[in-house]
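K.L.:
Data: run_39.cif, mmCIF, C-alpha atoms and all ligand atoms.
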data_coords
loop_
_atom_site.group_PDB
_atom_site.id
_atom_site.type_symbol
_atom_site.label_atom_id
_atom_site.label_comp_id
_atom_site.auth_asym_id
_atom_site.auth_seq_id
_atom_site.Cartn_x
_atom_site.Cartn_y
_atom_site.Cartn_z
ATOM 1 C CA MET A 1 2.718 -20.965 -25.573
ATOM 2 C CA TYR A 2 -0.789 -22.310 -26.235
ATOM 3 C CA ALA A 3 -3.089 -20.953 -28.954
ATOM 4 C CA PHE A 4 -5.423 -18.148 -27.872
ATOM 5 C CA ASP A 5 -7.904 -15.674 -29.347
ATOM 6 C CA TYR A 6 -6.971 -12.000 -29.492
ATOM 7 C CA HIS A 7 -9.446 -9.129 -29.240
ATOM 8 C CA LYS A 8 -8.361 -5.500 -29.457
ATOM 9 C CA ALA A 9 -10.969 -3.645 -27.394
ATOM 10 C CA THR A 10 -12.267 -0.366 -28.801
ATOM 11 C CA SER A 11 -13.734 0.921 -25.525
ATOM 12 C CA LEU A 12 -13.991 0.038 -21.853
ATOM 13 C CA ALA A 13 -17.538 -1.238 -22.416
ATOM 14 C CA ASP A 14 -16.313 -3.448 -25.284
ATOM 15 C CA ALA A 15 -13.501 -4.910 -23.128
ATOM 16 C CA VAL A 16 -15.851 -5.634 -20.222
ATOM 17 C CA ALA A 17 -18.446 -7.195 -22.542
ATOM 18 C CA VAL A 18 -15.906 -9.563 -24.121
ATOM 19 C CA LEU A 19 -14.397 -10.544 -20.758
ATOM 20 C CA SER A 20 -17.844 -11.161 -19.256
ATOM 21 C CA LYS A 21 -19.010 -13.233 -22.234
ATOM 22 C CA ARG A 22 -15.883 -15.145 -23.237
ATOM 23 C CA GLY A 23 -13.710 -15.031 -20.116
ATOM 24 C CA GLY A 24 -9.999 -14.684 -20.777
ATOM 25 C CA ARG A 25 -7.596 -12.050 -19.481
ATOM 26 C CA PRO A 26 -7.013 -8.359 -20.123
ATOM 27 C CA LEU A 27 -3.655 -7.551 -21.742
ATOM 28 C CA ALA A 28 -2.009 -4.282 -20.702
ATOM 29 C CA GLY A 29 1.754 -3.881 -21.237
ATOM 30 C CA GLY A 30 2.290 -7.635 -21.427
ATOM 31 C CA GLN A 31 5.427 -7.423 -19.270
ATOM 32 C CA SER A 32 4.169 -10.041 -16.807
ATOM 33 C CA LEU A 33 1.329 -11.774 -18.646
ATOM 34 C CA VAL A 34 3.218 -12.640 -21.839
ATOM 35 C CA PRO A 35 6.219 -14.204 -20.031
ATOM 36 C CA ALA A 36 3.746 -16.155 -17.852
ATOM 37 C CA MET A 37 2.027 -17.426 -21.018
ATOM 38 C CA LYS A 38 5.362 -18.380 -22.572
ATOM 39 C CA LEU A 39 6.135 -20.415 -19.457
ATOM 40 C CA ARG A 40 2.595 -21.885 -19.587
ATOM 41 C CA LEU A 41 1.895 -20.515 -16.111
ATOM 42 C CA ALA A 42 -1.085 -18.679 -17.627
ATOM 43 C CA GLN A 43 -3.276 -20.079 -20.386
ATOM 44 C CA PRO A 44 -6.044 -17.584 -21.188
ATOM 45 C CA GLY A 45 -8.375 -18.616 -23.995
ATOM 46 C CA THR A 46 -8.818 -14.978 -25.012
ATOM 47 C CA LEU A 47 -6.587 -11.943 -24.610
ATOM 48 C CA VAL A 48 -8.453 -8.636 -24.490
ATOM 49 C CA ASP A 49 -5.964 -5.936 -25.454
ATOM 50 C CA LEU A 50 -6.598 -2.670 -23.576
ATOM 51 C CA SER A 51 -3.996 -0.592 -25.439
ATOM 52 C CA GLY A 52 -6.510 1.037 -27.804
ATOM 53 C CA ILE A 53 -8.783 2.400 -25.054
ATOM 54 C CA ALA A 54 -8.020 6.112 -24.783
ATOM 55 C CA GLU A 55 -10.153 6.595 -21.655
ATOM 56 C CA LEU A 56 -7.793 4.357 -19.659
ATOM 57 C CA ARG A 57 -4.773 6.606 -20.243
ATOM 58 C CA GLY A 58 -3.594 9.887 -18.843
ATOM 59 C CA ILE A 59 -2.798 11.777 -15.679
ATOM 60 C CA ARG A 60 -4.952 14.517 -14.187
ATOM 61 C CA ARG A 61 -5.269 16.512 -10.992
ATOM 62 C CA GLU A 62 -8.675 16.138 -9.284
ATOM 63 C CA GLY A 63 -8.922 18.329 -6.196
ATOM 64 C CA ALA A 64 -6.527 16.974 -3.572
ATOM 65 C CA ALA A 65 -5.655 13.882 -5.608
ATOM 66 C CA VAL A 66 -3.662 12.845 -8.655
ATOM 67 C CA VAL A 67 -5.600 10.411 -10.826
ATOM 68 C CA ILE A 68 -3.604 8.132 -13.123
ATOM 69 C CA GLY A 69 -5.299 6.005 -15.793
ATOM 70 C CA ALA A 70 -4.747 2.254 -15.629
ATOM 71 C CA MET A 71 -3.082 2.078 -19.061
ATOM 72 C CA THR A 72 -0.632 4.884 -18.287
ATOM 73 C CA ARG A 73 2.894 3.542 -18.785
ATOM 74 C CA HIS A 74 5.526 3.766 -16.052
ATOM 75 C CA ALA A 75 7.639 6.011 -18.324
ATOM 76 C CA GLU A 76 4.724 8.453 -18.683
ATOM 77 C CA VAL A 77 4.352 8.719 -14.904
ATOM 78 C CA ALA A 78 8.121 9.184 -14.512
ATOM 79 C CA ALA A 79 8.095 12.041 -17.054
ATOM 80 C CA SER A 80 4.915 13.765 -15.884
ATOM 81 C CA ASN A 81 5.408 17.307 -14.602
ATOM 82 C CA ASP A 82 2.015 17.118 -12.870
ATOM 83 C CA VAL A 83 3.126 14.050 -10.911
ATOM 84 C CA LYS A 84 6.538 15.544 -10.153
ATOM 85 C CA ALA A 85 4.870 18.678 -8.787
ATOM 86 C CA ALA A 86 2.191 16.948 -6.684
ATOM 87 C CA ILE A 87 3.707 13.609 -5.567
ATOM 88 C CA PRO A 88 7.336 13.447 -6.700
ATOM 89 C CA ALA A 89 7.716 10.084 -4.947
ATOM 90 C CA LEU A 90 5.465 8.508 -7.603
ATOM 91 C CA ALA A 91 7.561 9.808 -10.488
ATOM 92 C CA ALA A 92 10.732 8.562 -8.792
ATOM 93 C CA LEU A 93 9.179 5.157 -8.111
ATOM 94 C CA ALA A 94 8.130 4.814 -11.764
ATOM 95 C CA GLU A 95 11.594 5.875 -12.944
ATOM 96 C CA GLY A 96 13.131 3.088 -10.856
ATOM 97 C CA ILE A 97 11.065 0.253 -12.316
ATOM 98 C CA GLY A 98 12.880 -2.400 -14.362
ATOM 99 C CA ASP A 99 14.587 -1.132 -17.491
ATOM 100 C CA ARG A 100 13.654 1.277 -20.280
ATOM 101 C CA GLN A 101 11.624 -1.318 -22.210
ATOM 102 C CA VAL A 102 9.662 -2.378 -19.140
ATOM 103 C CA ARG A 103 8.944 1.267 -18.278
ATOM 104 C CA ASN A 104 7.813 2.017 -21.840
ATOM 105 C CA MET A 105 5.428 -0.952 -21.948
ATOM 106 C CA GLY A 106 4.387 -1.720 -18.367
ATOM 107 C CA THR A 107 1.333 0.013 -16.902
ATOM 108 C CA LEU A 108 0.069 1.067 -13.490
ATOM 109 C CA GLY A 109 -3.126 -0.995 -13.878
ATOM 110 C CA GLY A 110 -1.247 -4.104 -14.983
ATOM 111 C CA SER A 111 1.151 -3.830 -12.079
ATOM 112 C CA ILE A 112 -1.470 -3.571 -9.347
ATOM 113 C CA ALA A 113 -3.797 -6.152 -10.942
ATOM 114 C CA ASN A 114 -0.829 -8.537 -11.065
ATOM 115 C CA ASN A 115 0.217 -7.797 -7.438
ATOM 116 C CA ASP A 116 3.632 -9.383 -7.805
ATOM 117 C CA PRO A 117 5.074 -9.727 -4.269
ATOM 118 C CA ALA A 118 8.113 -7.651 -5.346
ATOM 119 C CA ALA A 119 6.342 -4.967 -7.412
ATOM 120 C CA CYS A 120 6.789 -1.288 -6.617
ATOM 121 C CA TRP A 121 3.347 0.188 -7.437
ATOM 122 C CA PRO A 122 1.416 -1.754 -4.754
ATOM 123 C CA ALA A 123 3.604 -0.077 -2.113
ATOM 124 C CA ALA A 124 2.678 3.381 -3.417
ATOM 125 C CA VAL A 125 -1.024 2.517 -3.631
ATOM 126 C CA LEU A 126 -1.079 1.180 -0.060
ATOM 127 C CA GLY A 127 1.305 3.788 1.358
ATOM 128 C CA LEU A 128 -0.724 6.683 -0.008
ATOM 129 C CA ASP A 129 -4.102 5.128 0.867
ATOM 130 C CA ALA A 130 -5.094 5.385 -2.794
ATOM 131 C CA THR A 131 -8.471 4.456 -4.249
ATOM 132 C CA ILE A 132 -8.571 1.913 -7.060
ATOM 133 C CA VAL A 133 -11.275 2.829 -9.569
ATOM 134 C CA THR A 134 -12.635 -0.071 -11.614
ATOM 135 C CA SER A 135 -15.300 -0.932 -14.155
ATOM 136 C CA LYS A 136 -17.494 -2.069 -11.241
ATOM 137 C CA GLY A 137 -16.791 0.586 -8.593
ATOM 138 C CA ARG A 138 -14.033 1.565 -6.207
ATOM 139 C CA HIS A 139 -11.712 -0.287 -3.820
ATOM 140 C CA ALA A 140 -9.833 1.156 -0.852
ATOM 141 C CA ALA A 141 -6.144 0.259 -0.959
ATOM 142 C CA ASP A 142 -6.339 -1.505 2.409
ATOM 143 C CA ALA A 143 -8.914 -3.962 0.992
ATOM 144 C CA PHE A 144 -7.440 -4.425 -2.490
ATOM 145 C CA PHE A 145 -4.286 -6.572 -2.180
ATOM 146 C CA LYS A 146 -5.157 -10.139 -1.166
ATOM 147 C CA GLY A 147 -2.023 -12.243 -0.817
ATOM 148 C CA MET A 148 0.463 -13.373 -3.450
ATOM 149 C CA TYR A 149 -0.745 -12.295 -6.936
ATOM 150 C CA GLY A 150 -4.222 -11.838 -5.434
ATOM 151 C CA THR A 151 -6.502 -8.802 -5.497
ATOM 152 C CA ALA A 152 -10.128 -7.925 -4.796
ATOM 153 C CA LEU A 153 -10.818 -7.741 -8.564
ATOM 154 C CA ALA A 154 -13.488 -10.006 -10.054
ATOM 155 C CA ALA A 155 -12.501 -11.940 -13.176
ATOM 156 C CA ASP A 156 -14.319 -9.517 -15.470
ATOM 157 C CA GLU A 157 -13.464 -6.354 -13.502
ATOM 158 C CA LEU A 158 -10.994 -3.881 -14.983
ATOM 159 C CA VAL A 159 -8.898 -1.310 -13.170
ATOM 160 C CA THR A 160 -9.641 1.985 -14.901
ATOM 161 C CA ALA A 161 -7.605 4.419 -12.777
ATOM 162 C CA VAL A 162 -5.977 4.972 -9.405
ATOM 163 C CA SER A 163 -6.646 8.100 -7.356
ATOM 164 C CA PHE A 164 -3.672 9.060 -5.158
ATOM 165 C CA PRO A 165 -4.351 11.616 -2.386
ATOM 166 C CA VAL A 166 -1.581 14.202 -2.296
ATOM 167 C CA PRO A 167 0.369 13.737 0.974
ATOM 168 C CA ALA A 168 2.309 16.318 2.954
ATOM 169 C CA THR A 169 5.408 14.377 2.000
ATOM 170 C CA ALA A 170 6.300 10.891 0.771
ATOM 171 C CA ALA A 171 9.168 8.838 -0.597
ATOM 172 C CA TYR A 172 9.961 5.318 -1.758
ATOM 173 C CA ALA A 173 13.254 3.539 -1.094
ATOM 174 C CA LYS A 174 14.031 0.248 -2.801
ATOM 175 C CA PHE A 175 16.786 -2.283 -2.312
ATOM 176 C CA ALA A 176 16.626 -3.608 -5.863
ATOM 177 C CA ASN A 177 17.448 -7.039 -7.153
ATOM 178 C CA PRO A 178 20.406 -6.131 -9.387
ATOM 179 C CA ALA A 179 19.197 -8.370 -12.227
ATOM 180 C CA SER A 180 15.523 -7.406 -12.547
ATOM 181 C CA ARG A 181 15.285 -4.197 -10.476
ATOM 182 C CA PHE A 182 12.270 -5.734 -8.693
ATOM 183 C CA ALA A 183 12.270 -4.954 -4.960
ATOM 184 C CA LEU A 184 14.161 -7.279 -2.678
ATOM 185 C CA VAL A 185 12.596 -4.888 -0.191
ATOM 186 C CA GLY A 186 10.893 -1.605 -1.002
ATOM 187 C CA VAL A 187 9.371 0.779 1.543
ATOM 188 C CA PHE A 188 6.962 3.604 0.753
ATOM 189 C CA VAL A 189 6.427 6.164 3.525
ATOM 190 C CA ALA A 190 3.814 8.914 3.455
ATOM 191 C CA GLN A 191 3.043 11.610 6.004
ATOM 192 C CA ARG A 192 -0.334 13.307 5.756
ATOM 193 C CA ALA A 193 -1.214 16.867 6.653
ATOM 194 C CA ASP A 194 -2.684 15.708 9.996
ATOM 195 C CA GLY A 195 0.690 14.156 10.913
ATOM 196 C CA SER A 196 -0.440 10.539 10.508
ATOM 197 C CA VAL A 197 1.988 8.232 8.736
ATOM 198 C CA ARG A 198 1.548 5.196 6.499
ATOM 199 C CA VAL A 199 4.349 2.751 5.739
ATOM 200 C CA ALA A 200 3.896 0.101 3.040
ATOM 201 C CA VAL A 201 6.416 -2.654 2.437
ATOM 202 C CA THR A 202 6.863 -4.668 -0.753
ATOM 203 C CA GLY A 203 9.243 -7.502 -1.673
ATOM 204 C CA ALA A 204 9.486 -8.813 1.866
ATOM 205 C CA ALA A 205 6.376 -11.000 2.173
ATOM 206 C CA PRO A 206 3.889 -12.838 -0.083
ATOM 207 C CA SER A 207 2.064 -9.540 -0.620
ATOM 208 C CA VAL A 208 2.542 -5.857 0.098
ATOM 209 C CA PHE A 209 1.692 -4.941 3.716
ATOM 210 C CA ARG A 210 1.621 -2.012 6.144
ATOM 211 C CA CYS A 211 4.170 -1.966 8.948
ATOM 212 C CA ALA A 212 2.323 -0.870 12.111
ATOM 213 C CA SER A 213 5.439 -0.553 14.303
ATOM 214 C CA LEU A 214 7.118 1.854 11.865
ATOM 215 C CA GLU A 215 3.881 3.817 11.420
ATOM 216 C CA ALA A 216 3.530 4.316 15.193
ATOM 217 C CA VAL A 217 7.133 5.418 15.718
ATOM 218 C CA LEU A 218 7.158 7.736 12.689
ATOM 219 C CA ALA A 219 3.862 9.346 13.705
ATOM 220 C CA ARG A 220 5.627 10.471 16.904
ATOM 221 C CA SER A 221 8.855 11.506 15.186
ATOM 222 C CA PHE A 222 9.138 11.563 11.399
ATOM 223 C CA THR A 223 12.904 11.160 11.289
ATOM 224 C CA ALA A 224 15.329 8.583 9.914
ATOM 225 C CA ASP A 225 16.774 8.120 13.416
ATOM 226 C CA ALA A 226 13.337 7.207 14.750
ATOM 227 C CA ALA A 227 12.847 4.671 11.940
ATOM 228 C CA LYS A 228 16.192 3.068 12.795
ATOM 229 C CA THR A 229 14.974 2.235 16.317
ATOM 230 C CA VAL A 230 12.335 -0.177 14.961
ATOM 231 C CA LYS A 231 13.237 -3.854 14.860
ATOM 232 C CA VAL A 232 10.962 -5.723 12.462
ATOM 233 C CA ASP A 233 10.040 -9.343 13.256
ATOM 234 C CA ALA A 234 11.201 -11.760 10.536
ATOM 235 C CA ALA A 235 8.328 -14.198 11.172
ATOM 236 C CA GLY A 236 6.213 -14.575 8.022
ATOM 237 C CA LEU A 237 8.695 -12.794 5.751
ATOM 238 C CA ASN A 238 10.104 -14.356 2.576
ATOM 239 C CA GLY A 239 13.388 -16.207 2.679
ATOM 240 C CA ASP A 240 14.891 -17.387 -0.619
ATOM 241 C CA LEU A 241 18.172 -17.593 -2.504
ATOM 242 C CA HIS A 242 18.319 -13.801 -2.717
ATOM 243 C CA ALA A 243 17.902 -13.009 0.981
ATOM 244 C CA SER A 244 16.873 -14.641 4.247
ATOM 245 C CA ALA A 245 13.786 -13.505 6.147
ATOM 246 C CA GLU A 246 16.045 -11.964 8.808
ATOM 247 C CA TYR A 247 17.955 -9.950 6.196
ATOM 248 C CA ARG A 248 14.701 -8.716 4.670
ATOM 249 C CA ALA A 249 13.462 -7.704 8.138
ATOM 250 C CA HIS A 250 16.656 -5.689 8.629
ATOM 251 C CA LEU A 251 16.257 -4.115 5.167
ATOM 252 C CA ILE A 252 12.747 -2.904 6.020
ATOM 253 C CA THR A 253 14.181 -0.702 8.785
ATOM 254 C CA VAL A 254 17.052 0.483 6.585
ATOM 255 C CA MET A 255 14.802 1.302 3.608
ATOM 256 C CA ALA A 256 12.249 3.017 5.858
ATOM 257 C CA ALA A 257 14.990 5.253 7.292
ATOM 258 C CA ARG A 258 16.216 6.075 3.770
ATOM 259 C CA ALA A 259 12.683 6.852 2.604
ATOM 260 C CA VAL A 260 12.050 9.167 5.565
ATOM 261 C CA ALA A 261 15.353 10.934 4.933
ATOM 262 C CA ALA A 262 14.421 11.361 1.258
ATOM 263 C CA ALA A 263 10.937 12.616 2.140
ATOM 264 C CA GLY A 264 12.482 15.313 4.318
HETATM 265 P P1 LIG B 1 0.327 -7.237 -18.105
HETATM 266 O O1 LIG B 1 1.546 -8.108 -18.056
HETATM 267 O O2 LIG B 1 -0.270 -6.973 -19.435
HETATM 268 O O3 LIG B 1 -0.816 -7.825 -17.154
HETATM 269 C C1 LIG B 1 -0.515 -8.257 -15.837
HETATM 270 C C2 LIG B 1 -1.776 -8.844 -15.202
HETATM 271 O O4 LIG B 1 -2.700 -7.812 -14.919
HETATM 272 C C3 LIG B 1 -2.521 -9.823 -16.087
HETATM 273 O O5 LIG B 1 -3.138 -10.784 -15.268
HETATM 274 C C4 LIG B 1 -3.597 -8.964 -16.745
HETATM 275 O O6 LIG B 1 -4.704 -9.719 -17.165
HETATM 276 C C5 LIG B 1 -3.929 -8.015 -15.623
HETATM 277 N N1 LIG B 1 -4.353 -6.674 -16.031
HETATM 278 C C6 LIG B 1 -3.658 -5.812 -16.812
HETATM 279 N N2 LIG B 1 -4.287 -4.631 -16.898
HETATM 280 C C7 LIG B 1 -5.413 -4.754 -16.161
HETATM 281 C C8 LIG B 1 -6.478 -3.860 -15.842
HETATM 282 N N3 LIG B 1 -6.514 -2.578 -16.276
HETATM 283 N N4 LIG B 1 -7.482 -4.317 -15.057
HETATM 284 C C9 LIG B 1 -7.463 -5.578 -14.579
HETATM 285 N N5 LIG B 1 -6.483 -6.459 -14.850
HETATM 286 C C10 LIG B 1 -5.458 -6.051 -15.622
HETATM 287 N N6 LIG B 1 7.683 -4.005 -11.653
HETATM 288 C C11 LIG B 1 7.990 -3.248 -10.582
HETATM 289 O O7 LIG B 1 7.093 -2.807 -9.899
HETATM 290 N N7 LIG B 1 9.294 -2.956 -10.278
HETATM 291 C C12 LIG B 1 10.347 -3.413 -11.017
HETATM 292 O O8 LIG B 1 11.497 -3.071 -10.739
HETATM 293 C C13 LIG B 1 10.057 -4.246 -12.133
HETATM 294 N N8 LIG B 1 11.038 -4.765 -12.901
HETATM 295 C C14 LIG B 1 10.710 -5.547 -13.970
HETATM 296 C C15 LIG B 1 11.745 -6.105 -14.731
HETATM 297 C C16 LIG B 1 11.443 -6.927 -15.802
HETATM 298 C C17 LIG B 1 12.566 -7.504 -16.602
HETATM 299 C C18 LIG B 1 10.079 -7.188 -16.141
HETATM 300 C C19 LIG B 1 9.737 -8.046 -17.316
HETATM 301 C C20 LIG B 1 9.053 -6.629 -15.397
HETATM 302 C C21 LIG B 1 9.349 -5.826 -14.304
HETATM 303 N N9 LIG B 1 8.346 -5.267 -13.520
HETATM 304 C C22 LIG B 1 8.680 -4.515 -12.425
HETATM 305 C C23 LIG B 1 6.908 -5.485 -13.845
HETATM 306 C C24 LIG B 1 6.402 -4.358 -14.755
HETATM 307 O O9 LIG B 1 6.418 -3.217 -13.987
HETATM 308 C C25 LIG B 1 4.939 -4.482 -15.331
HETATM 309 O O10 LIG B 1 4.267 -3.338 -15.052
HETATM 310 C C26 LIG B 1 4.102 -5.482 -14.716
HETATM 311 O O11 LIG B 1 4.717 -6.656 -15.165
HETATM 312 C C27 LIG B 1 2.614 -5.572 -15.180
HETATM 313 O O12 LIG B 1 2.200 -4.528 -15.978
HETATM 314 P P2 LIG B 1 1.747 -4.766 -17.481
HETATM 315 O O13 LIG B 1 1.118 -3.499 -17.925
HETATM 316 O O14 LIG B 1 2.884 -5.275 -18.280
HETATM 317 O O15 LIG B 1 0.601 -5.865 -17.325
#
Is it possible to give me this structure as structure tokens?
Ligand code: FAD

P.N.:
Amino acid sequence: MYAFDYHKATSLADAVAVLSKRGGRPLAGGQSLVPAMKLRLAQPGTLVDLSGIAELRGIRREGAAVVIGAMTRHAEVAASNDVKAAIPALAALAEGIGDRQVRNMGTLGGSIANNDPAACWPAAVLGLDATIVTSKGRHAADAFFKGMYGTALAADELVTAVSFPVPATAAYAKFANPASRFALVGVFVAQRADGSVRVAVTGAAPSVFRCASLEAVLARSFTADAAKTVKVDAAGLNGDLHASAEYRAHLITVMAARAVAAAG
């Protein structure tokens, strides 16, 4: 690991000011950034620690949405009665992330800013058509994730919260890598009150994406049997030592059917 400066931010304004002036990277739970620094894949000159900023934490209901602060840990989402009551799929997704240490340290904001191709949170954000609230404004989910590890965030822009509209029903099904629990393929399905359906897939491609063929079929019939009729094209999907592109394509259909069955 290279030498770096460390700044523990006292407020959102302080964090933004230091990042704008000195550059560097925000530090949330450190579950991705610190290993990347150890491997010298990331070499920030300054780390701006967000853990002392109270305004970035917490979960609240705002009208027809659940708003979760960027520094809220996965374990806090998993344990939240408000989340379990409004969007139980989010609590279940958070409970299924990594292991106990990762869930106690990792954050919602860190996960979506990182946009790991196999991360779970991006599927929920895209599947629920969430709004990403930042220090500079707001991003629609459809315009936020920009390819492998890429997002619409500027270098000095911080995620402050994510606003999740409450769906009629939703669920997430993940075929987990048995070693890390990251998604080999994860599918988040959400049905809205008007009957429209969104399906977001993670783990299968360089970045999370919506699956139009599943969305169209499930909008007509929101059943596991309907999901099973969809054959997903393997072109453009990831193939690696864990699974071929064809196997991942097959898993998308299987996980979508399981998610629909779980959503009820
Ligand atoms: P950090 O590592 O601190 O930061 C990640 C990146 O985001 C950095 O570039 C940082 O600068 C930036 N960043 C952080 N916060 C903000 C912010 N508010 N605004 C802008 N940029 C920001 N994830 C899953 O989804 N599913 C899994 O099953 C899973 N399994 C895991 C297993 C292991 C063993 C490990 C180590 C991690 C796993 N993860 C998994 C990832 C984990 O969920 C972390 O949440 C994720 O690594 C990033 O969150 P973090 O808070 O640790 O962010």

K.L.:
With all atoms listed in the file counted, collect every polymer residue having an atom within 6 Å of ligand LIG 1 (chain B); state the result as an mmCIF file with C-alpha atoms, in the coordinates of the input.

P.N.:
data_model
loop_
_atom_site.group_PDB
_atom_site.id
_atom_site.type_symbol
_atom_site.label_atom_id
_atom_site.label_comp_id
_atom_site.auth_asym_id
_atom_site.auth_seq_id
_atom_site.Cartn_x
_atom_site.Cartn_y
_atom_site.Cartn_z
ATOM 1 C CA ARG A 25 -7.596 -12.050 -19.481
ATOM 2 C CA PRO A 26 -7.013 -8.359 -20.123
ATOM 3 C CA LEU A 27 -3.655 -7.551 -21.742
ATOM 4 C CA ALA A 28 -2.009 -4.282 -20.702
ATOM 5 C CA GLY A 29 1.754 -3.881 -21.237
ATOM 6 C CA GLY A 30 2.290 -7.635 -21.427
ATOM 7 C CA GLN A 31 5.427 -7.423 -19.270
ATOM 8 C CA SER A 32 4.169 -10.041 -16.807
ATOM 9 C CA LEU A 33 1.329 -11.774 -18.646
ATOM 10 C CA ALA A 70 -4.747 2.254 -15.629
ATOM 11 C CA ILE A 97 11.065 0.253 -12.316
ATOM 12 C CA GLY A 98 12.880 -2.400 -14.362
ATOM 13 C CA VAL A 102 9.662 -2.378 -19.140
ATOM 14 C CA GLY A 106 4.387 -1.720 -18.367
ATOM 15 C CA THR A 107 1.333 0.013 -16.902
ATOM 16 C CA GLY A 109 -3.126 -0.995 -13.878
ATOM 17 C CA GLY A 110 -1.247 -4.104 -14.983
ATOM 18 C CA SER A 111 1.151 -3.830 -12.079
ATOM 19 C CA ALA A 113 -3.797 -6.152 -10.942
ATOM 20 C CA ASN A 114 -0.829 -8.537 -11.065
ATOM 21 C CA ALA A 119 6.342 -4.967 -7.412
ATOM 22 C CA CYS A 120 6.789 -1.288 -6.617
ATOM 23 C CA TRP A 121 3.347 0.188 -7.437
ATOM 24 C CA LEU A 158 -10.994 -3.881 -14.983
ATOM 25 C CA VAL A 159 -8.898 -1.310 -13.170
ATOM 26 C CA THR A 160 -9.641 1.985 -14.901
ATOM 27 C CA SER A 180 15.523 -7.406 -12.547
ATOM 28 C CA ARG A 181 15.285 -4.197 -10.476
ATOM 29 C CA PHE A 182 12.270 -5.734 -8.693
#

K.L.:
Name the residues that the PyMOL selection byres (((chain A and resi 77-87) around 10) and not hetatm) picks from the file above, as a PyMOL selection string, using the file's chain letters and numbers.

P.N.:
chain A and resi 58-61+64-68+72-76+88-97+103+107-108+128+164-171

K.L.:
Take the residues from that selection and write them out as a short mmCIF file (atom, residue, chain, number, x, y, z; two decimals), keeping the file's coordinate frame, keeping C-alpha atoms.

P.N.:
data_model
loop_
_atom_site.label_atom_id
_atom_site.label_comp_id
_atom_site.auth_asym_id
_atom_site.auth_seq_id
_atom_site.Cartn_x
_atom_site.Cartn_y
_atom_site.Cartn_z
CA GLY A 58 -3.59 9.89 -18.84
CA ILE A 59 -2.80 11.78 -15.68
CA ARG A 60 -4.95 14.52 -14.19
CA ARG A 61 -5.27 16.51 -10.99
CA ALA A 64 -6.53 16.97 -3.57
CA ALA A 65 -5.66 13.88 -5.61
CA VAL A 66 -3.66 12.84 -8.65
CA VAL A 67 -5.60 10.41 -10.83
CA ILE A 68 -3.60 8.13 -13.12
CA THR A 72 -0.63 4.88 -18.29
CA ARG A 73 2.89 3.54 -18.78
CA HIS A 74 5.53 3.77 -16.05
CA ALA A 75 7.64 6.01 -18.32
CA GLU A 76 4.72 8.45 -18.68
CA PRO A 88 7.34 13.45 -6.70
CA ALA A 89 7.72 10.08 -4.95
CA LEU A 90 5.46 8.51 -7.60
CA ALA A 91 7.56 9.81 -10.49
CA ALA A 92 10.73 8.56 -8.79
CA LEU A 93 9.18 5.16 -8.11
CA ALA A 94 8.13 4.81 -11.76
CA GLU A 95 11.59 5.88 -12.94
CA GLY A 96 13.13 3.09 -10.86
CA ILE A 97 11.06 0.25 -12.32
CA ARG A 103 8.94 1.27 -18.28
CA THR A 107 1.33 0.01 -16.90
CA LEU A 108 0.07 1.07 -13.49
CA LEU A 128 -0.72 6.68 -0.01
CA PHE A 164 -3.67 9.06 -5.16
CA PRO A 165 -4.35 11.62 -2.39
CA VAL A 166 -1.58 14.20 -2.30
CA PRO A 167 0.37 13.74 0.97
CA ALA A 168 2.31 16.32 2.95
CA THR A 169 5.41 14.38 2.00
CA ALA A 170 6.30 10.89 0.77
CA ALA A 171 9.17 8.84 -0.60
#

K.L.:
Here is a test: counting all atoms listed in the file, which residue of A:Leu47, A:Ala176, A:Met71, A:Cys211 is nearest to A:Met105?

P.N.:
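The closest residue to A:Met105 is A:Met71.
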
K.L.:
List the neighbours of stretch 187-195 of chain A out to 7 Å using only C-alpha atoms; skip same-chain residues closer than 5 positions along the sequence, and give me the result as number ranges by chain.

P.N.:
A: 123-124, 127-128, 167-174, 200-202, 219, 252, 255-256, 259-260

K.L.:
Work out how far apart atom CA of A:Val254 and atom CA of A:Arg210 are and give it in Å to one decimal.

P.N.:
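Separation between atom CA of A:Val254 and atom CA of A:Arg210: 15.6 Å.
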
K.L.:
Find the distance between atom CA of A:Thr253 and atom CA of A:Ala235 and write it in Å to one decimal.

P.N.:
14.9 Å

K.L.:
Apply the PyMOL selection byres (((chain A and resi 242) around 12) and not hetatm) to the displayed file and report the matching residues as a list of chain:residue names.

P.N.:
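Evaluating the PyMOL selection byres (((chain A and resi 242) around 12) and not hetatm) on these coordinates yields A:Phe175, A:Ala176, A:Asn177, A:Pro178, A:Ala179, A:Phe182, A:Ala183, A:Leu184, A:Val185, A:Gly203, A:Ala204, A:Asn238, A:Gly239, A:Asp240, A:Leu241, A:Ala243, A:Ser244, A:Ala245, A:Glu246, A:Tyr247, A:Arg248.
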
K.L.:
For the atom pair atom CA of A:Ser51 and atom CA of A:Gly186, what is the interatomic distance in Å to one decimal place?

P.N.:
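Separation of atom CA of A:Ser51 and atom CA of A:Gly186: 28.6 Å.
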
K.L.:
Dump as a compact mmCIF listing (two decimals) with C-alpha atoms, keeping the file's coordinate frame all residues having an atom at most 9 Å from (-13.5, 3.7, -8.1), computed in the file's coordinates with only C-alpha atoms.

P.N.:
# COMPACT_ATOMS: atom_id res chain seq x y z
CA THR A 131 -8.47 4.46 -4.25
CA ILE A 132 -8.57 1.91 -7.06
CA VAL A 133 -11.28 2.83 -9.57
CA THR A 134 -12.64 -0.07 -11.61
CA SER A 135 -15.30 -0.93 -14.16
CA LYS A 136 -17.49 -2.07 -11.24
CA GLY A 137 -16.79 0.59 -8.59
CA ARG A 138 -14.03 1.56 -6.21
CA HIS A 139 -11.71 -0.29 -3.82
CA ALA A 140 -9.83 1.16 -0.85
CA VAL A 159 -8.90 -1.31 -13.17
CA THR A 160 -9.64 1.98 -14.90
CA ALA A 161 -7.60 4.42 -12.78
CA VAL A 162 -5.98 4.97 -9.40
CA SER A 163 -6.65 8.10 -7.36
